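As stored in target_21.cif (mmCIF, C-alpha atoms):
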```
data_start
loop_
_atom_site.group_PDB
_atom_site.id
_atom_site.type_symbol
_atom_site.label_atom_id
_atom_site.label_comp_id
_atom_site.auth_asym_id
_atom_site.auth_seq_id
_atom_site.Cartn_x
_atom_site.Cartn_y
_atom_site.Cartn_z
ATOM 1 C CA MET A 1 -3.323 -100.141 81.827
ATOM 2 C CA GLN A 2 -0.034 -98.314 81.386
ATOM 3 C CA THR A 3 0.656 -95.509 83.753
ATOM 4 C CA PRO A 4 2.184 -92.328 82.208
ATOM 5 C CA ARG A 5 5.883 -91.871 82.850
ATOM 6 C CA PRO A 6 6.991 -88.738 84.577
ATOM 7 C CA LEU A 7 8.264 -85.962 82.276
ATOM 8 C CA ALA A 8 11.826 -86.033 83.621
ATOM 9 C CA ALA A 9 12.125 -89.766 82.866
ATOM 10 C CA THR A 10 10.921 -89.263 79.270
ATOM 11 C CA ARG A 11 13.435 -86.451 78.698
ATOM 12 C CA ARG A 12 16.293 -88.616 79.943
ATOM 13 C CA HIS A 13 15.211 -91.405 77.622
ATOM 14 C CA PHE A 14 15.261 -89.146 74.507
ATOM 15 C CA GLU A 15 18.558 -87.476 75.439
ATOM 16 C CA GLY A 16 20.201 -90.873 75.661
ATOM 17 C CA PHE A 17 18.792 -91.851 72.232
ATOM 18 C CA ALA A 18 19.928 -88.569 70.594
ATOM 19 C CA ALA A 19 23.419 -88.945 71.964
ATOM 20 C CA HIS A 20 23.616 -92.470 70.572
ATOM 21 C CA VAL A 21 22.472 -91.336 67.058
ATOM 22 C CA SER A 22 24.819 -88.340 67.091
ATOM 23 C CA ASN A 23 27.818 -90.542 67.854
ATOM 24 C CA ASP A 24 26.959 -92.961 65.023
ATOM 25 C CA LEU A 25 26.559 -90.113 62.495
ATOM 26 C CA GLU A 26 29.778 -88.506 63.540
ATOM 27 C CA ASN A 27 31.665 -91.761 63.132
ATOM 28 C CA GLU A 28 30.195 -92.307 59.696
ATOM 29 C CA LEU A 29 31.076 -88.774 58.608
ATOM 30 C CA ARG A 30 34.607 -89.199 59.912
ATOM 31 C CA ALA A 31 34.967 -92.406 57.914
ATOM 32 C CA ALA A 32 33.582 -90.822 54.740
ATOM 33 C CA LEU A 33 35.622 -87.632 54.951
ATOM 34 C CA ARG A 34 38.889 -89.189 55.922
ATOM 35 C CA HIS A 35 41.919 -87.984 54.040
ATOM 36 C CA VAL A 36 42.682 -90.091 51.018
ATOM 37 C CA ASP A 37 45.768 -89.486 48.892
ATOM 38 C CA PRO A 38 45.164 -89.391 45.117
ATOM 39 C CA ALA A 39 46.460 -92.172 42.974
ATOM 40 C CA PRO A 40 49.882 -91.541 41.486
ATOM 41 C CA GLY A 41 49.746 -89.451 38.237
ATOM 42 C CA PHE A 42 46.332 -87.993 39.077
ATOM 43 C CA ALA A 43 47.505 -84.383 38.754
ATOM 44 C CA SER A 44 49.211 -84.982 35.398
ATOM 45 C CA ARG A 45 46.126 -86.773 34.056
ATOM 46 C CA VAL A 46 43.923 -83.829 35.050
ATOM 47 C CA SER A 47 46.347 -81.389 33.408
ATOM 48 C CA ALA A 48 46.446 -83.452 30.229
ATOM 49 C CA ARG A 49 42.658 -83.618 30.123
ATOM 50 C CA ILE A 50 42.362 -79.858 30.580
ATOM 51 C CA ASP A 51 44.840 -79.258 27.803
ATOM 52 C CA SER A 52 43.073 -81.611 25.409
ATOM 53 C CA GLU A 53 39.697 -79.952 26.156
ATOM 54 C CA ARG A 54 41.217 -76.539 25.535
ATOM 55 C CA HIS A 55 42.605 -77.653 22.149
ATOM 56 C CA ARG A 56 39.332 -79.274 21.155
ATOM 57 C CA ARG A 57 37.146 -76.241 22.031
ATOM 58 C CA TRP A 58 39.139 -73.378 20.580
ATOM 59 C CA LEU A 59 40.640 -72.722 17.209
ATOM 60 C CA PRO A 60 44.356 -72.095 17.002
ATOM 61 C CA ALA A 61 45.244 -68.528 17.845
ATOM 62 C CA ARG A 62 45.750 -67.486 14.219
ATOM 63 C CA PHE A 63 42.190 -68.514 13.306
ATOM 64 C CA ARG A 64 40.438 -66.976 16.279
ATOM 65 C CA TRP A 65 39.247 -64.038 14.189
ATOM 66 C CA MET A 66 37.267 -66.369 11.944
ATOM 67 C CA PRO A 67 34.006 -66.668 13.947
ATOM 68 C CA ALA A 68 33.783 -62.893 14.259
ATOM 69 C CA ALA A 69 34.491 -62.466 10.559
ATOM 70 C CA LEU A 70 31.915 -65.127 9.718
ATOM 71 C CA ALA A 71 29.315 -63.392 11.871
ATOM 72 C CA ALA A 72 30.150 -60.056 10.218
ATOM 73 C CA VAL A 73 29.797 -61.621 6.753
ATOM 74 C CA VAL A 74 26.409 -63.115 7.697
ATOM 75 C CA VAL A 75 25.197 -59.733 9.014
ATOM 76 C CA LEU A 76 26.456 -57.965 5.876
ATOM 77 C CA CYS A 77 24.769 -60.571 3.679
ATOM 78 C CA LEU A 78 21.491 -60.061 5.536
ATOM 79 C CA ILE A 79 21.741 -56.276 5.150
ATOM 80 C CA ALA A 80 22.661 -56.566 1.456
ATOM 81 C CA GLY A 81 19.831 -59.050 0.862
ATOM 82 C CA TYR A 82 17.316 -56.763 2.515
ATOM 83 C CA GLY A 83 18.609 -53.781 0.482
ATOM 84 C CA TRP A 84 18.381 -55.775 -2.762
ATOM 85 C CA HIS A 85 14.866 -56.902 -1.920
ATOM 86 C CA TRP A 86 13.812 -53.317 -1.080
ATOM 87 C CA ARG A 87 15.298 -51.938 -4.321
ATOM 88 C CA ARG A 88 13.640 -54.731 -6.330
ATOM 89 C CA GLU A 89 10.295 -53.932 -4.746
ATOM 90 C CA GLN A 90 10.678 -50.224 -5.518
ATOM 91 C CA GLN A 91 11.585 -51.027 -9.134
ATOM 92 C CA GLY A 92 8.585 -53.350 -9.420
ATOM 93 C CA LEU A 93 6.202 -50.741 -8.022
ATOM 94 C CA GLU A 94 7.638 -48.122 -10.363
ATOM 95 C CA ALA A 95 7.311 -50.509 -13.342
ATOM 96 C CA ARG A 96 3.693 -51.203 -12.367
ATOM 97 C CA GLN A 97 2.989 -47.481 -12.188
ATOM 98 C CA GLN A 98 4.584 -46.940 -15.605
ATOM 99 C CA LEU A 99 2.608 -49.828 -17.080
ATOM 100 C CA LEU A 100 -0.715 -48.475 -15.827
ATOM 101 C CA GLU A 101 0.189 -44.992 -17.083
ATOM 102 C CA ALA A 102 1.136 -46.396 -20.508
ATOM 103 C CA LEU A 103 -2.105 -48.362 -20.759
ATOM 104 C CA ARG A 104 -4.101 -45.322 -19.654
ATOM 105 C CA LEU A 105 -2.502 -43.176 -22.371
ATOM 106 C CA THR A 106 -2.992 -45.922 -24.981
ATOM 107 C CA GLY A 107 -6.652 -46.203 -24.030
ATOM 108 C CA GLU A 108 -7.052 -42.438 -24.163
ATOM 109 C CA LYS A 109 -5.562 -42.149 -27.648
ATOM 110 C CA LEU A 110 -7.572 -45.095 -28.957
ATOM 111 C CA ASP A 111 -10.605 -43.328 -27.528
ATOM 112 C CA VAL A 112 -9.730 -40.180 -29.519
ATOM 113 C CA ALA A 113 -9.295 -42.276 -32.680
ATOM 114 C CA TYR A 114 -12.583 -44.059 -32.053
ATOM 115 C CA ARG A 115 -14.468 -40.786 -31.535
ATOM 116 C CA GLY A 116 -12.921 -39.400 -34.729
ATOM 117 C CA VAL A 117 -14.038 -42.449 -36.704
ATOM 118 C CA GLN A 118 -17.521 -42.173 -35.164
ATOM 119 C CA ASP A 119 -17.795 -38.486 -36.087
ATOM 120 C CA VAL A 120 -16.832 -39.266 -39.691
ATOM 121 C CA SER A 121 -19.366 -42.111 -39.814
ATOM 122 C CA LYS A 122 -22.118 -39.858 -38.444
ATOM 123 C CA SER A 123 -21.373 -37.005 -40.854
ATOM 124 C CA THR A 124 -21.269 -39.467 -43.786
ATOM 125 C CA ALA A 125 -24.568 -40.994 -42.713
ATOM 126 C CA SER A 126 -26.257 -37.595 -42.289
ATOM 127 C CA GLY A 127 -24.872 -36.468 -45.698
ATOM 128 C CA ASN A 128 -26.311 -39.549 -47.361
ATOM 129 C CA ALA A 129 -29.675 -38.962 -45.652
ATOM 130 C CA GLY A 130 -29.700 -35.326 -46.856
ATOM 131 C CA ASN A 131 -28.986 -36.374 -50.449
ATOM 132 C CA THR A 132 -31.863 -38.861 -50.589
ATOM 133 C CA MET B 1 24.299 -83.991 -35.972
ATOM 134 C CA LEU B 2 24.232 -81.427 -33.173
ATOM 135 C CA ARG B 3 26.214 -79.044 -35.332
ATOM 136 C CA LEU B 4 23.691 -79.438 -38.166
ATOM 137 C CA LEU B 5 20.822 -78.808 -35.753
ATOM 138 C CA PHE B 6 22.609 -75.743 -34.382
ATOM 139 C CA MET B 7 23.270 -74.391 -37.876
ATOM 140 C CA THR B 8 19.582 -74.897 -38.753
ATOM 141 C CA MET B 9 18.193 -73.358 -35.567
ATOM 142 C CA LEU B 10 20.493 -70.337 -35.446
ATOM 143 C CA PRO B 11 18.989 -68.487 -38.445
ATOM 144 C CA LEU B 12 15.464 -69.295 -37.205
ATOM 145 C CA ALA B 13 16.219 -67.894 -33.760
ATOM 146 C CA ALA B 14 17.915 -64.865 -35.293
ATOM 147 C CA SER B 15 14.928 -64.198 -37.564
ATOM 148 C CA ALA B 16 12.562 -64.425 -34.580
ATOM 149 C CA VAL B 17 14.663 -61.871 -32.714
ATOM 150 C CA VAL B 18 14.793 -59.593 -35.754
ATOM 151 C CA ARG B 19 11.023 -59.954 -36.271
ATOM 152 C CA ALA B 20 10.284 -58.955 -32.685
ATOM 153 C CA ALA B 21 12.763 -56.105 -32.907
ATOM 154 C CA ASP B 22 11.132 -54.879 -36.136
ATOM 155 C CA ALA B 23 7.967 -54.001 -34.253
ATOM 156 C CA GLN B 24 9.988 -51.881 -31.847
ATOM 157 C CA LEU B 25 10.378 -48.337 -33.112
ATOM 158 C CA MET B 26 13.411 -46.191 -32.457
ATOM 159 C CA LEU B 27 11.700 -43.499 -30.432
ATOM 160 C CA PRO B 28 13.759 -40.347 -29.951
ATOM 161 C CA ASP B 29 13.760 -38.590 -26.601
ATOM 162 C CA PHE B 30 12.311 -35.409 -28.176
ATOM 163 C CA PRO B 31 14.529 -33.029 -26.161
ATOM 164 C CA ALA B 32 12.936 -29.956 -27.782
ATOM 165 C CA LEU B 33 9.477 -31.094 -26.701
ATOM 166 C CA GLU B 34 10.631 -32.076 -23.236
ATOM 167 C CA ALA B 35 12.154 -28.636 -22.724
ATOM 168 C CA LYS B 36 8.876 -26.888 -23.480
ATOM 169 C CA ALA B 37 6.466 -29.432 -22.001
ATOM 170 C CA ASN B 38 4.560 -28.815 -18.828
ATOM 171 C CA GLU B 39 4.372 -32.536 -18.179
ATOM 172 C CA SER B 40 6.207 -35.353 -19.882
ATOM 173 C CA VAL B 41 5.826 -39.110 -19.678
ATOM 174 C CA ASN B 42 8.612 -41.403 -20.783
ATOM 175 C CA VAL B 43 7.779 -45.073 -20.371
ATOM 176 C CA THR B 44 10.247 -47.744 -21.425
ATOM 177 C CA LEU B 45 9.202 -51.195 -20.372
ATOM 178 C CA ASP B 46 11.103 -54.075 -21.921
ATOM 179 C CA SER B 47 10.200 -57.706 -21.368
ATOM 180 C CA SER B 48 12.027 -58.000 -18.037
ATOM 181 C CA LEU B 49 10.439 -54.832 -16.648
ATOM 182 C CA LEU B 50 7.024 -55.963 -17.911
ATOM 183 C CA ALA B 51 7.478 -59.262 -16.087
ATOM 184 C CA MET B 52 8.503 -57.377 -12.958
ATOM 185 C CA ALA B 53 5.497 -55.050 -13.226
ATOM 186 C CA ALA B 54 3.210 -58.045 -13.702
ATOM 187 C CA ARG B 55 4.372 -59.465 -10.370
ATOM 188 C CA PHE B 56 3.237 -56.298 -8.626
ATOM 189 C CA LEU B 57 -0.231 -56.216 -10.197
ATOM 190 C CA ASP B 58 -2.974 -56.974 -7.720
ATOM 191 C CA PRO B 59 -5.369 -59.535 -9.212
ATOM 192 C CA ASN B 60 -8.112 -58.294 -6.885
ATOM 193 C CA LYS B 61 -8.123 -54.859 -8.515
ATOM 194 C CA PRO B 62 -10.054 -54.804 -11.814
ATOM 195 C CA GLU B 63 -7.616 -52.348 -13.402
ATOM 196 C CA ASP B 64 -4.617 -54.491 -12.487
ATOM 197 C CA ALA B 65 -6.325 -57.707 -13.589
ATOM 198 C CA ALA B 66 -7.149 -56.150 -16.979
ATOM 199 C CA ALA B 67 -3.574 -54.916 -17.344
ATOM 200 C CA ARG B 68 -2.229 -58.375 -16.531
ATOM 201 C CA GLN B 69 -4.354 -59.883 -19.302
ATOM 202 C CA VAL B 70 -3.288 -57.272 -21.834
ATOM 203 C CA ILE B 71 0.446 -57.607 -21.221
ATOM 204 C CA ALA B 72 0.439 -61.402 -21.537
ATOM 205 C CA GLY B 73 2.453 -61.990 -24.715
ATOM 206 C CA LEU B 74 3.838 -58.466 -24.906
ATOM 207 C CA THR B 75 7.589 -57.912 -24.976
ATOM 208 C CA GLY B 76 7.706 -54.147 -24.702
ATOM 209 C CA ILE B 77 5.728 -50.971 -24.150
ATOM 210 C CA TYR B 78 7.267 -47.619 -25.052
ATOM 211 C CA VAL B 79 5.479 -44.295 -24.588
ATOM 212 C CA ARG B 80 6.542 -40.687 -25.075
ATOM 213 C CA SER B 81 3.932 -38.126 -24.139
ATOM 214 C CA PHE B 82 4.248 -34.375 -23.670
ATOM 215 C CA THR B 83 1.602 -31.985 -22.378
ATOM 216 C CA PHE B 84 1.883 -28.229 -22.893
ATOM 217 C CA ASP B 85 0.339 -25.222 -21.225
ATOM 218 C CA GLY B 86 -0.539 -23.603 -24.534
ATOM 219 C CA ASP B 87 -0.963 -24.630 -28.141
ATOM 220 C CA PHE B 88 2.364 -25.753 -29.488
ATOM 221 C CA ALA B 89 3.638 -26.448 -32.984
ATOM 222 C CA TYR B 90 5.596 -29.676 -32.861
ATOM 223 C CA PRO B 91 8.872 -29.950 -34.730
ATOM 224 C CA LYS B 92 8.021 -32.163 -37.676
ATOM 225 C CA GLU B 93 11.453 -33.680 -38.254
ATOM 226 C CA GLU B 94 11.476 -36.029 -35.290
ATOM 227 C CA VAL B 95 7.853 -37.049 -35.804
ATOM 228 C CA ASP B 96 8.535 -37.686 -39.478
ATOM 229 C CA ALA B 97 11.506 -39.855 -38.508
ATOM 230 C CA VAL B 98 9.117 -42.044 -36.521
ATOM 231 C CA ARG B 99 6.538 -42.053 -39.326
ATOM 232 C CA LYS B 100 9.251 -43.173 -41.735
ATOM 233 C CA GLN B 101 9.850 -46.260 -39.617
ATOM 234 C CA LEU B 102 6.161 -47.046 -39.913
ATOM 235 C CA SER B 103 6.382 -47.110 -43.694
ATOM 236 C CA ALA B 104 8.543 -50.244 -43.470
ATOM 237 C CA PRO B 105 7.030 -53.518 -44.711
ATOM 238 C CA GLY B 106 4.741 -55.190 -42.218
ATOM 239 C CA TRP B 107 3.272 -51.995 -40.790
ATOM 240 C CA GLN B 108 -0.269 -51.106 -41.826
ATOM 241 C CA ARG B 109 -2.207 -47.979 -41.000
ATOM 242 C CA LEU B 110 -5.327 -49.131 -39.190
ATOM 243 C CA VAL B 111 -6.964 -45.785 -38.414
ATOM 244 C CA GLU B 112 -6.170 -42.266 -39.555
ATOM 245 C CA VAL B 113 -8.151 -39.484 -37.913
ATOM 246 C CA HIS B 114 -7.679 -35.817 -38.718
ATOM 247 C CA SER B 115 -10.217 -33.698 -36.909
ATOM 248 C CA ARG B 116 -10.345 -30.074 -38.056
ATOM 249 C CA LYS B 117 -12.853 -29.296 -35.363
ATOM 250 C CA ASP B 118 -10.751 -30.499 -32.423
ATOM 251 C CA HIS B 119 -7.387 -30.197 -34.220
ATOM 252 C CA ASN B 120 -6.632 -33.796 -33.333
ATOM 253 C CA ASP B 121 -4.538 -36.042 -35.543
ATOM 254 C CA VAL B 122 -4.399 -39.680 -34.523
ATOM 255 C CA ASP B 123 -2.786 -42.428 -36.563
ATOM 256 C CA VAL B 124 -2.998 -46.017 -35.437
ATOM 257 C CA TYR B 125 -0.634 -48.499 -37.069
ATOM 258 C CA ILE B 126 -0.475 -52.208 -36.627
ATOM 259 C CA ARG B 127 2.276 -54.608 -37.579
ATOM 260 C CA VAL B 128 1.112 -57.965 -38.864
ATOM 261 C CA ASP B 129 3.308 -60.990 -39.302
ATOM 262 C CA ARG B 130 1.783 -64.273 -40.491
ATOM 263 C CA ASN B 131 -1.729 -62.998 -39.821
ATOM 264 C CA ARG B 132 -0.840 -62.131 -36.260
ATOM 265 C CA ALA B 133 -0.458 -58.627 -34.887
ATOM 266 C CA ASN B 134 2.921 -58.257 -33.213
ATOM 267 C CA GLY B 135 3.200 -54.499 -33.013
ATOM 268 C CA LEU B 136 1.037 -51.441 -32.449
ATOM 269 C CA ALA B 137 1.921 -47.792 -32.839
ATOM 270 C CA ILE B 138 -0.139 -44.715 -32.114
ATOM 271 C CA ILE B 139 0.886 -41.188 -33.028
ATOM 272 C CA ALA B 140 -1.477 -38.623 -31.537
ATOM 273 C CA SER B 141 -1.029 -34.886 -32.043
ATOM 274 C CA GLU B 142 -3.415 -32.666 -30.161
ATOM 275 C CA PRO B 143 -3.068 -28.896 -29.700
ATOM 276 C CA ARG B 144 -1.656 -29.313 -26.211
ATOM 277 C CA GLN B 145 -0.497 -32.875 -26.159
ATOM 278 C CA PHE B 146 1.739 -35.029 -28.288
ATOM 279 C CA THR B 147 1.895 -38.784 -27.696
ATOM 280 C CA ILE B 148 3.621 -41.717 -29.334
ATOM 281 C CA VAL B 149 2.830 -45.253 -28.172
ATOM 282 C CA ASN B 150 4.659 -48.354 -29.338
ATOM 283 C CA ILE B 151 3.542 -51.760 -28.118
ATOM 284 C CA VAL B 152 5.659 -54.770 -29.104
ATOM 285 C CA GLY B 153 4.605 -58.386 -28.914
ATOM 286 C CA SER B 154 1.671 -60.596 -29.623
ATOM 287 C CA ILE B 155 -1.262 -58.197 -29.450
ATOM 288 C CA ASP B 156 -4.658 -59.700 -28.924
ATOM 289 C CA LEU B 157 -7.238 -57.165 -30.107
ATOM 290 C CA GLN B 158 -9.885 -59.037 -28.143
ATOM 291 C CA LYS B 159 -7.937 -58.404 -24.935
ATOM 292 C CA LEU B 160 -7.560 -54.771 -25.922
ATOM 293 C CA HIS B 161 -11.302 -54.783 -26.396
ATOM 294 C CA GLU B 162 -11.687 -56.169 -22.866
ATOM 295 C CA LEU B 163 -9.910 -53.091 -21.493
ATOM 296 C CA GLU B 164 -13.181 -51.205 -21.861
ATOM 297 C CA GLY B 165 -14.114 -49.349 -18.744
ATOM 298 C CA HIS B 166 -10.760 -49.913 -17.095
ATOM 299 C CA PHE B 167 -8.573 -47.356 -18.861
ATOM 300 C CA GLY B 168 -11.142 -45.113 -20.541
ATOM 301 C CA ILE B 169 -11.370 -47.183 -23.707
ATOM 302 C CA PRO B 170 -14.894 -47.084 -25.169
ATOM 303 C CA GLN B 171 -16.836 -49.940 -26.729
ATOM 304 C CA LEU B 172 -14.872 -50.594 -29.916
ATOM 305 C CA LYS B 173 -17.562 -52.817 -31.510
ATOM 306 C CA LEU B 174 -14.883 -55.150 -32.860
ATOM 307 C CA ASP B 175 -17.290 -58.087 -33.022
ATOM 308 C CA GLU B 176 -19.906 -56.190 -34.982
ATOM 309 C CA ARG B 177 -17.422 -55.082 -37.606
ATOM 310 C CA LYS B 178 -16.447 -58.680 -38.442
#
```
For this file, write the structure as structure tokens.
Amino acid sequence: MQTPRPLAATRRHFEGFAAHVSNDLENELRAALRHVDPAPGFASRVSARIDSERHRRWLPARFRWMPAALAAVVVLCLIAGYGWHWRREQQGLEARQQLLEALRLTGEKLDVAYRGVQDVSKSTASGNAGNT
Amino acid sequence: MLRLLFMTMLPLAASAVVRAADAQLMLPDFPALEAKANESVNVTLDSSLLAMAARFLDPNKPEDAAARQVIAGLTGIYVRSFTFDGDFAYPKEEVDAVRKQLSAPGWQRLVEVHSRKDHNDVDVYIRVDRNRANGLAIIASEPRQFTIVNIVGSIDLQKLHELEGHFGIPQLKLDERK
């Protein structure tokens, strides 16, 4: 049966362990973060890369207005298209209204003609009945 | 060969255009009537406007569905109608100019109604080409209303008959008269 160690002895044991780990970590960090000089030409390569990226991403200065102009044209086209569609719809609704009005008037006048023909037929029939 | 075909088809196409145009009357604007009218209706629907109107007809509405059936085959609808507050004597010259057009070959008077009681005069003309009606004209003079209707295109009287109840047209008894 193991007898429990006194508290002071346990603390000393852990402090010794922590100091050992701390020294190892510090050494490793020192090794990893040591100063390393860049390879020769590193700065010029980075500059060249930046320049090439800049040329690839952006249009030449004289064409830089083009995206804005393109966006403006698209917006204008959308507005014009909506206006055309709205006008077309109004014209269609007006044409429909005119068509229904024309058919209503045609029906009305045919109705008048029909009633006139019916009246003549009735008066002719009653005249014939009176004669017989 | 193509040239020969073109030369053959051109007069045929031209005659078809002329034939359709013959059914269209030259309706004046009747400025004198418009000036005195309480209400005036001026409808000018050519084939493109008829097609546009047809797209806006709701097939679920009976009136619209009937209209859609009637205008199938039509190439134009022209209406001049004037309503007056009081009895009005119409200037005869302009009306006679329209009547003169209806005396051209092809036009036949279908119905002529002169009612002394109601003072209504209604003349219905139809234009027949190769046993097919391709034009209709109505001239209606009432004491307070004057109306001229000109319908151009292939007119199916049966479809006109089917308008009953939708636009105030009564039972025309077309079947019984046959």
Output as JSON lines one row per residue of region 17-129 of chain A within 9 Å of region 125-144 of chain B: the closest atom pair and its distance in Å to one decimal place, counting all atoms listed in the file, sorted by chain and residue number ascending.
```
{"residue": "A:Thr106", "atom": "CA", "partner": "B:Ile138", "partner_atom": "CA", "distance": 7.8}
{"residue": "A:Lys109", "atom": "CA", "partner": "B:Ala140", "partner_atom": "CA", "distance": 6.7}
{"residue": "A:Leu110", "atom": "CA", "partner": "B:Ile138", "partner_atom": "CA", "distance": 8.1}
{"residue": "A:Val112", "atom": "CA", "partner": "B:Ala140", "partner_atom": "CA", "distance": 8.6}
{"residue": "A:Ala113", "atom": "CA", "partner": "B:Ala140", "partner_atom": "CA", "distance": 8.7}
```
Quiz item: What residues in chain B lie within 8 Å of chain A, counting only C-alpha atoms, written as a ChimeraX atom specification?
Solution: /B:43,45,49-50,52-57,64,67,77-79,111-115,122-124,138,140,149,167-170,172
Exercise. Just say which residues the PyMOL selection byres ((chain B and resi 82) around 12) picks in this file, as an MDAnalysis selection string.
Key: (chainID A and resid 105) or (chainID B and resid 29:43 79:81 83:88 90 140:149)
Self-check item: Atom pair CA of Val74 (chain A) / CA of Trp86 (chain A): separation (Å)
Solution: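 Answer for the CA of Val74 (chain A) to CA of Trp86 (chain A) separation: 18.2 Å.
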Exercise. Could you please determine the separation between CA of Ala19 (chain A) and CA of Leu7 (chain A) in Å, to one decimal place?
Key: 18.6 Å
Quiz item: Could you work out how far CA of Arg99 (chain B) lies from CA of Asp22 (chain B), giving the answer in Å with one decimal?
Solution: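 Pair CA of Asp22 (chain B) / CA of Arg99 (chain B) returns 14.0 Å.
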Could you add the missing atoms to region 56-69 of chain B, up to N, CA and C atoms, and return them as a PDB file, in the coordinates of the input?
```
ATOM      1  N   PHE B  56       3.757 -57.251  -9.610  1.00  0.00           N
ATOM      2  CA  PHE B  56       3.237 -56.298  -8.626  1.00  0.00           C
ATOM      3  C   PHE B  56       1.804 -55.873  -8.926  1.00  0.00           C
ATOM      4  N   LEU B  57       1.169 -56.527  -9.902  1.00  0.00           N
ATOM      5  CA  LEU B  57      -0.231 -56.216 -10.197  1.00  0.00           C
ATOM      6  C   LEU B  57      -1.121 -57.014  -9.246  1.00  0.00           C
ATOM      7  N   ASP B  58      -2.081 -56.333  -8.690  1.00  0.00           N
ATOM      8  CA  ASP B  58      -2.974 -56.974  -7.720  1.00  0.00           C
ATOM      9  C   ASP B  58      -4.163 -57.586  -8.467  1.00  0.00           C
ATOM     10  N   PRO B  59      -4.273 -58.918  -8.451  1.00  0.00           N
ATOM     11  CA  PRO B  59      -5.369 -59.535  -9.212  1.00  0.00           C
ATOM     12  C   PRO B  59      -6.761 -59.188  -8.673  1.00  0.00           C
ATOM     13  N   ASN B  60      -6.801 -58.651  -7.454  1.00  0.00           N
ATOM     14  CA  ASN B  60      -8.112 -58.294  -6.885  1.00  0.00           C
ATOM     15  C   ASN B  60      -8.616 -56.942  -7.391  1.00  0.00           C
ATOM     16  N   LYS B  61      -7.705 -56.151  -7.968  1.00  0.00           N
ATOM     17  CA  LYS B  61      -8.123 -54.859  -8.515  1.00  0.00           C
ATOM     18  C   LYS B  61      -8.471 -55.046  -9.995  1.00  0.00           C
ATOM     19  N   PRO B  62      -9.636 -54.591 -10.427  1.00  0.00           N
ATOM     20  CA  PRO B  62     -10.054 -54.804 -11.814  1.00  0.00           C
ATOM     21  C   PRO B  62      -9.074 -54.204 -12.827  1.00  0.00           C
ATOM     22  N   GLU B  63      -8.554 -53.018 -12.499  1.00  0.00           N
ATOM     23  CA  GLU B  63      -7.616 -52.348 -13.402  1.00  0.00           C
ATOM     24  C   GLU B  63      -6.338 -53.171 -13.570  1.00  0.00           C
ATOM     25  N   ASP B  64      -5.845 -53.688 -12.450  1.00  0.00           N
ATOM     26  CA  ASP B  64      -4.617 -54.491 -12.487  1.00  0.00           C
ATOM     27  C   ASP B  64      -4.847 -55.819 -13.210  1.00  0.00           C
ATOM     28  N   ALA B  65      -6.019 -56.420 -12.952  1.00  0.00           N
ATOM     29  CA  ALA B  65      -6.325 -57.707 -13.589  1.00  0.00           C
ATOM     30  C   ALA B  65      -6.418 -57.529 -15.107  1.00  0.00           C
ATOM     31  N   ALA B  66      -7.036 -56.429 -15.538  1.00  0.00           N
ATOM     32  CA  ALA B  66      -7.149 -56.150 -16.979  1.00  0.00           C
ATOM     33  C   ALA B  66      -5.767 -55.920 -17.584  1.00  0.00           C
ATOM     34  N   ALA B  67      -4.937 -55.192 -16.858  1.00  0.00           N
ATOM     35  CA  ALA B  67      -3.574 -54.916 -17.344  1.00  0.00           C
ATOM     36  C   ALA B  67      -2.790 -56.219 -17.479  1.00  0.00           C
ATOM     37  N   ARG B  68      -2.958 -57.093 -16.510  1.00  0.00           N
ATOM     38  CA  ARG B  68      -2.229 -58.375 -16.531  1.00  0.00           C
ATOM     39  C   ARG B  68      -2.599 -59.180 -17.780  1.00  0.00           C
ATOM     40  N   GLN B  69      -3.904 -59.146 -18.116  1.00  0.00           N
ATOM     41  CA  GLN B  69      -4.354 -59.883 -19.302  1.00  0.00           C
ATOM     42  C   GLN B  69      -3.785 -59.268 -20.575  1.00  0.00           C
TER      43      GLN B  69
END
```
